[in-house]
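File shown: coords00.csv (CSV, C-alpha atoms and all ligand atoms).
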chain,number,residue,atom,x,y,z
A,1,MET,CA,117.2,190.3,155.4
A,2,LYS,CA,113.7,191.6,156.3
A,3,PHE,CA,112.9,192.8,159.8
A,4,PHE,CA,109.5,192.1,161.3
A,5,ILE,CA,108.5,193.2,164.8
A,6,ASP,CA,107.0,190.5,167.1
A,7,THR,CA,104.2,192.3,169.1
A,8,ALA,CA,100.6,193.5,168.9
A,9,ASP,CA,101.4,196.7,170.8
A,10,LEU,CA,100.5,199.6,168.6
A,11,ASP,CA,102.9,202.1,170.3
A,12,GLU,CA,105.8,199.7,169.9
A,13,ILE,CA,104.8,199.1,166.3
A,14,ARG,CA,104.6,202.8,165.5
A,15,GLU,CA,108.0,203.4,167.2
A,16,ALA,CA,109.6,200.6,165.2
A,17,ASN,CA,108.0,201.7,162.0
A,18,ALA,CA,109.4,205.2,162.5
A,19,MET,CA,112.9,203.8,162.4
A,20,GLY,CA,112.3,203.3,158.7
A,21,VAL,CA,113.6,199.7,158.5
A,22,LEU,CA,110.5,197.7,159.4
A,23,ASP,CA,109.2,195.3,156.8
A,24,GLY,CA,106.3,193.6,158.7
A,25,VAL,CA,104.7,192.4,161.9
A,26,THR,CA,104.1,189.1,163.6
A,27,THR,CA,101.5,188.6,166.2
A,28,ASN,CA,100.3,185.6,168.1
A,29,PRO,CA,97.4,184.9,170.5
A,30,THR,CA,99.5,185.8,173.5
A,31,HIS,CA,100.5,189.2,172.1
A,32,VAL,CA,96.9,190.0,171.1
A,33,SER,CA,95.6,189.0,174.5
A,34,LYS,CA,97.6,191.8,176.1
A,35,GLU,CA,95.8,194.5,174.0
A,36,GLU,CA,92.5,196.4,174.2
A,37,GLY,CA,89.8,196.0,171.6
A,38,THR,CA,88.6,193.3,169.2
A,39,PHE,CA,91.0,191.0,167.4
A,40,GLU,CA,89.8,192.4,164.0
A,41,ASP,CA,90.3,196.0,165.1
A,42,ILE,CA,93.8,195.3,166.5
A,43,ILE,CA,94.9,193.6,163.3
A,44,LEU,CA,93.4,196.3,161.1
A,45,ARG,CA,95.1,199.0,163.0
A,46,ILE,CA,98.5,197.3,162.7
A,47,CYS,CA,97.9,196.8,159.0
A,48,GLU,CA,97.3,200.6,158.7
A,49,ILE,CA,100.6,201.4,160.4
A,50,VAL,CA,103.0,199.1,158.6
A,51,ASP,CA,103.3,198.7,154.8
A,52,GLY,CA,104.1,195.0,154.8
A,53,PRO,CA,103.0,191.5,155.9
A,54,VAL,CA,101.1,191.3,159.2
A,55,SER,CA,100.8,187.8,160.6
A,56,ALA,CA,97.6,187.0,162.5
A,57,GLU,CA,97.0,183.6,164.0
A,58,VAL,CA,94.0,181.2,163.9
A,59,VAL,CA,92.9,179.6,167.2
A,60,GLY,CA,90.9,176.7,165.8
A,61,THR,CA,92.4,173.2,166.0
A,62,GLU,CA,90.3,171.4,163.3
A,63,TRP,CA,91.4,172.1,159.8
A,64,GLN,CA,88.0,173.1,158.5
A,65,VAL,CA,87.7,175.7,161.3
A,66,MET,CA,91.2,176.9,160.6
A,67,VAL,CA,90.3,177.5,157.0
A,68,GLU,CA,87.1,179.4,157.9
A,69,GLU,CA,89.2,181.5,160.2
A,70,ALA,CA,91.8,182.0,157.6
A,71,ARG,CA,89.3,183.3,155.1
A,72,HIS,CA,87.9,185.7,157.7
A,73,ILE,CA,91.3,186.9,159.0
A,74,SER,CA,92.7,187.4,155.5
A,75,SER,CA,89.7,189.6,154.6
A,76,ILE,CA,90.6,192.1,157.3
A,77,HIS,CA,93.3,193.7,155.2
A,78,GLU,CA,95.5,192.9,152.2
A,79,HIS,CA,98.6,192.9,154.4
A,80,VAL,CA,97.3,190.0,156.5
A,81,VAL,CA,99.2,186.7,156.4
A,82,VAL,CA,97.4,183.9,158.3
A,83,LYS,CA,99.5,182.1,161.0
A,84,ILE,CA,98.7,178.4,161.3
A,85,PRO,CA,100.4,175.9,163.7
A,86,ILE,CA,102.2,172.9,162.1
A,87,THR,CA,99.8,170.2,163.4
A,88,PRO,CA,98.2,167.4,161.3
A,89,ASP,CA,95.1,169.6,160.9
A,90,GLY,CA,97.2,172.7,160.4
A,91,LEU,CA,99.0,171.0,157.5
A,92,LYS,CA,95.6,170.4,155.8
A,93,ALA,CA,94.6,174.0,156.4
A,94,ILE,CA,97.9,175.3,155.0
A,95,LYS,CA,97.3,173.3,151.8
A,96,ALA,CA,93.7,174.5,151.5
A,97,CYS,CA,94.8,178.1,152.1
A,98,SER,CA,97.5,177.8,149.5
A,99,GLU,CA,95.0,176.5,146.9
A,100,GLU,CA,92.8,179.5,147.7
A,101,GLY,CA,95.6,182.0,147.4
A,102,ILE,CA,95.6,182.8,151.2
A,103,ARG,CA,99.2,183.5,152.4
A,104,THR,CA,100.3,181.5,155.4
A,105,ASN,CA,103.0,181.8,158.1
A,106,VAL,CA,103.4,178.3,159.6
A,107,THR,CA,104.1,178.7,163.3
A,108,LEU,CA,105.5,176.6,166.2
A,109,CYS,CA,108.0,174.9,163.9
A,110,PHE,CA,110.6,172.9,165.9
A,111,SER,CA,111.9,170.3,163.4
A,112,PRO,CA,113.2,170.2,159.8
A,113,ASN,CA,110.5,167.7,158.8
A,114,GLN,CA,107.8,170.0,160.0
A,115,ALA,CA,109.4,172.7,157.8
A,116,LEU,CA,109.6,170.3,154.8
A,117,LEU,CA,105.9,169.4,155.1
A,118,ALA,CA,104.9,173.1,155.4
A,119,ALA,CA,106.8,173.9,152.2
A,120,LYS,CA,105.2,171.0,150.4
A,121,ALA,CA,101.8,172.2,151.5
A,122,GLY,CA,102.5,175.7,150.0
A,123,ALA,CA,103.4,177.8,153.1
A,124,SER,CA,104.5,181.3,152.4
A,125,TYR,CA,106.6,181.5,155.5
A,126,ILE,CA,108.0,178.9,158.0
A,127,SER,CA,108.6,180.1,161.6
A,128,PRO,CA,111.2,178.1,163.4
A,129,PHE,CA,111.1,179.1,167.1
A,130,LEU,CA,114.8,179.3,168.0
A,131,GLY,CA,114.7,180.7,171.5
A,132,ARG,CA,112.3,178.0,172.7
A,133,LEU,CA,114.7,175.3,171.3
A,134,ASP,CA,117.6,177.0,173.1
A,135,ASP,CA,115.5,177.0,176.3
A,136,ILE,CA,115.4,173.2,176.3
A,137,GLY,CA,119.1,172.8,175.5
A,138,HIS,CA,119.1,172.5,171.7
A,139,VAL,CA,121.0,174.9,169.3
A,140,GLY,CA,117.9,176.6,167.8
A,141,MET,CA,119.9,178.2,165.0
A,142,ASP,CA,120.9,174.8,163.7
A,143,LEU,CA,117.2,174.4,162.7
A,144,VAL,CA,117.4,177.5,160.5
A,145,ARG,CA,120.6,176.3,158.8
A,146,THR,CA,119.0,172.9,158.1
A,147,ILE,CA,115.8,174.3,156.8
A,148,GLN,CA,117.7,176.6,154.4
A,149,LYS,CA,119.7,173.7,153.1
A,150,ILE,CA,116.6,171.5,152.5
A,151,TYR,CA,114.6,174.4,150.9
A,152,GLY,CA,117.6,175.1,148.7
A,153,ASN,CA,118.0,171.5,147.7
A,154,TYR,CA,114.5,171.4,146.3
A,155,GLY,CA,113.9,175.0,145.3
A,156,PHE,CA,111.0,175.7,147.7
A,157,HIS,CA,109.9,179.3,147.8
A,158,THR,CA,108.7,179.3,151.4
A,159,GLN,CA,110.5,182.0,153.2
A,160,VAL,CA,112.4,181.2,156.5
A,161,LEU,CA,111.2,183.5,159.2
A,162,ALA,CA,113.5,183.2,162.3
A,163,ALA,CA,111.2,183.6,165.3
A,164,SER,CA,111.5,183.5,169.1
A,165,LEU,CA,114.7,185.5,168.8
A,166,ARG,CA,115.9,186.8,172.2
A,167,SER,CA,119.1,188.8,171.6
A,168,PRO,CA,121.1,190.8,169.0
A,169,LEU,CA,123.4,187.8,168.7
A,170,HIS,CA,120.5,185.7,167.6
A,171,VAL,CA,119.9,188.2,164.8
A,172,VAL,CA,123.5,188.0,163.6
A,173,GLU,CA,123.4,184.3,163.6
A,174,ALA,CA,120.0,184.2,161.8
A,175,ALA,CA,121.5,186.6,159.1
A,176,LEU,CA,124.6,184.3,158.8
A,177,ALA,CA,122.3,181.3,158.4
A,178,GLY,CA,120.5,183.1,155.6
A,179,ALA,CA,117.1,183.5,157.2
A,180,ASP,CA,114.9,185.5,154.9
A,181,VAL,CA,113.2,187.3,157.8
A,182,ALA,CA,113.9,187.9,161.5
A,183,THR,CA,111.0,188.8,163.7
A,184,LEU,CA,112.2,190.7,166.7
A,185,PRO,CA,110.7,191.6,170.1
A,186,PRO,CA,110.7,195.4,170.4
A,187,ASP,CA,113.6,195.5,172.9
A,188,VAL,CA,115.8,193.4,170.7
A,189,LEU,CA,115.1,195.7,167.7
A,190,LYS,CA,116.2,198.7,169.8
A,191,LYS,CA,119.4,196.9,171.0
A,192,LEU,CA,120.5,196.3,167.4
A,193,LEU,CA,121.4,199.9,167.1
A,194,THR,CA,123.1,200.7,170.3
A,195,HIS,CA,126.8,200.2,171.1
A,196,PRO,CA,128.7,201.9,174.0
A,197,LEU,CA,131.7,202.7,171.8
A,198,THR,CA,129.4,204.6,169.4
A,199,ASN,CA,128.1,206.7,172.2
A,200,ALA,CA,131.5,207.2,173.7
A,201,GLY,CA,133.1,208.0,170.3
A,202,LEU,CA,130.4,210.6,169.5
A,203,GLU,CA,130.7,212.2,172.9
A,204,ARG,CA,134.4,212.6,172.4
A,205,PHE,CA,134.1,214.0,168.8
A,206,LEU,CA,131.5,216.6,170.0
A,207,ASN,CA,133.6,217.6,173.1
A,208,ASP,CA,136.7,218.1,170.9
A,209,TRP,CA,134.7,220.0,168.3
A,210,ASN,CA,133.1,222.3,170.9
A,211,ALA,CA,136.4,223.0,172.7
A,212,TRP,CA,138.0,223.9,169.3
A,213,LYS,CA,135.1,226.2,168.5
A,214,GLU,CA,135.4,227.9,171.9
A,215,LYS,CA,139.1,228.5,171.4
A,216,GLN,CA,138.4,230.0,168.0
A,217,GLU,CA,135.8,232.3,169.4
A,218,GLU,CA,138.3,233.4,172.1
A,219,GLY,CA,140.8,234.2,169.4
A,220,VAL,CA,143.4,231.7,170.8
A,221,MET,CA,143.7,230.0,167.4
A,222,VAL,CA,144.5,231.7,164.1
A,301,LIG,O1,107.5,184.8,166.9
A,301,LIG,C1,107.5,183.8,167.8
A,301,LIG,C2,107.4,184.5,169.2
A,301,LIG,O2,106.1,185.1,169.3
A,301,LIG,C3,107.6,183.5,170.3
A,301,LIG,O3,108.6,184.1,171.0
A,301,LIG,O4,109.9,184.6,173.0
A,301,LIG,O5,107.6,183.7,173.2
A,301,LIG,O6,109.4,182.2,172.4
A,301,LIG,P1,108.9,183.6,172.5
Show the structure stored in the file as structure tokens.
Ligand code: G3P
Amino acid sequence: MKFFIDTADLDEIREANAMGVLDGVTTNPTHVSKEEGTFEDIILRICEIVDGPVSAEVVGTEWQVMVEEARHISSIHEHVVVKIPITPDGLKAIKACSEEGIRTNVTLCFSPNQALLAAKAGASYISPFLGRLDDIGHVGMDLVRTIQKIYGNYGFHTQVLAASLRSPLHVVEAALAGADVATLPPDVLKKLLTHPLTNAGLERFLNDWNAWKEKQEEGVMV
């Protein structure tokens, strides 16, 4: 399973990249709107930090505009994957991008049929938004399981990118469901590594070790 980080914050991205397990980055207009600088500069700087796909989203709503944006965004750096929402115009733009060899990450996916259409149009990634489905009383992870089954039935190569993940349990469930990628908010990425029993266990090992060494130095032990 690949891990992407879901932010446009350069410090967070550098910190995550330093962990050595980061495979890519996803941004969206909300993330970018929190940063300083031009859109192009922010995306370029992210691409220079992480050696992997960096999703950057179009903001046009008509398909011809989306395709123009996609051409521009994909020219920023070879790592860029263009994020396109799964609307009727978005679908046409995904198809046009696919035919031009522009990689796409299809975003705001909330149903299996949207995912099926995105794959038929040649999407590189599909991003089901699990947390937002949970927010309205659905089981978001069911969508990942269903998409995986449908893509498997027909041999689609579109990668399933579990998005809008809110907790470490979401990551476990996405992995069990066979998601190709999980994109994680920075705080969730950090939480994956921490466990109180690991900390307590290490503290005890080190205390015991240090007490033993002290006794040895005092000549108590032979
Ligand atoms: O990757 C999708 C993500 O940006 C949306 O997450 O938490 O705003 O639903 P969230």
Protein and nucleic residues near ligand LIG 301 (chain A), 6 Å, only C-alpha atoms and all ligand atoms, as an mmCIF file with C-alpha atoms, keeping the file's coordinate frame:
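Saved result, pocket32.cif, follows:
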data_model
loop_
_atom_site.group_PDB
_atom_site.id
_atom_site.type_symbol
_atom_site.label_atom_id
_atom_site.label_comp_id
_atom_site.auth_asym_id
_atom_site.auth_seq_id
_atom_site.Cartn_x
_atom_site.Cartn_y
_atom_site.Cartn_z
ATOM 1 C CA ASP A 6 107.000 190.500 167.100
ATOM 2 C CA ASN A 28 100.300 185.600 168.100
ATOM 3 C CA PHE A 129 111.100 179.100 167.100
ATOM 4 C CA GLY A 131 114.700 180.700 171.500
ATOM 5 C CA ARG A 132 112.300 178.000 172.700
ATOM 6 C CA ALA A 163 111.200 183.600 165.300
ATOM 7 C CA SER A 164 111.500 183.500 169.100
#
Per residue of region 191-220 of chain A within 10 Å of region 165-179 of chain A, which atom pair is closest and at what distance in Å (one decimal), using all atoms listed in the file, listed by chain and increasing number, as CSV?
residue,atom,partner,partner_atom,distance
A:Lys191,CA,A:Pro168,CA,6.6
A:Leu192,CA,A:Pro168,CA,5.8
A:Leu193,CA,A:Pro168,CA,9.3
**Item:** For CA of Pro85 (chain A) and CA of Asp134 (chain A), the interatomic separation in Å (one decimal)
**Value:** 19.6 Å
**Prompt:** Residues at most 7 Å from Cys47 (chain A), counting only C-alpha atoms, excluding those fewer than 6 positions away in the same chain, as JSON, numbers by chain?
**Reply:** {"A": [54, 77, 79]}
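The spacing separating CA of Tyr125 (chain A) from CA of Ile102 (chain A) amounts to 11.9 Å.
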**Prompt:** What does the distance between CA of Phe110 (chain A) and CA of Tyr151 (chain A) come to in Å, to one decimal place?
**Reply:**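 Those two atoms sit 15.6 Å apart.
When only C-alpha atoms are used to compute distances to Ala115 (chain A), the closest of the residues A:Thr194, A:Thr26, A:Thr7, A:Ser127 turns out to be A:Ser127.
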**Prompt:** Got a sec: who's within 10 Å of Asp51 (chain A), counting only C-alpha atoms, leaving out chain neighbours fewer than 3 positions off, as an MDAnalysis selection string?
**Reply:** chainID A and resid 17 22:25 46:48 54 79
**Request:** Write out as a PyMOL selection string each polymer residue whose atoms come within 12 Å of Gly60 (chain A), counting all atoms listed in the file; drop sequence neighbours fewer than 2 positions from it.
**Result:** chain A and resi 29+57-58+62-70+83-85+87+89-90+93
**Request:** Please identify all polymer residues within 12 Å of Gly155 (chain A), counting all atoms listed in the file, omitting same-chain residues fewer than 5 positions from it, and present them as an NGL selection string.
**Result:** :A and (116 or 119-120 or 147-150)
**Asked** Which one of A:Ile94, A:Ile136, A:Val144, A:Ala56 sits closest to Ser111 (chain A) if you count all atoms listed in the file?
**Response** A:Val144
**Of the listed residues A:Lys92, A:His195, A:Leu161, A:Gly140, that which approaches Asn105 (chain A) most closely, counting all atoms listed in the file** = A:Leu161
**Request:** Give the answer as one residue: which of A:Ala16, A:Leu91, A:Val59, A:Val50 has the shortest atom-to-atom distance to Val32 (chain A), using all atoms listed in the file?
**Result:**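 Closest to Val32 (chain A), using all atoms listed in the file: A:Val59.
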**Request:** Determine the nearest neighbour of Gly52 (chain A) from the options A:Arg145, A:Lys190, A:Lys2, A:His157, counting only C-alpha atoms.
**Result:** A:Lys2
**Residue neighbourhood Ile42 (chain A), 9 Å, only C-alpha atoms, exclusion window fewer than 5 positions, as a list in words** = Ala8, Asp9, Leu10, Val32, Glu35, Glu36, Gly37 and Cys47 of chain A
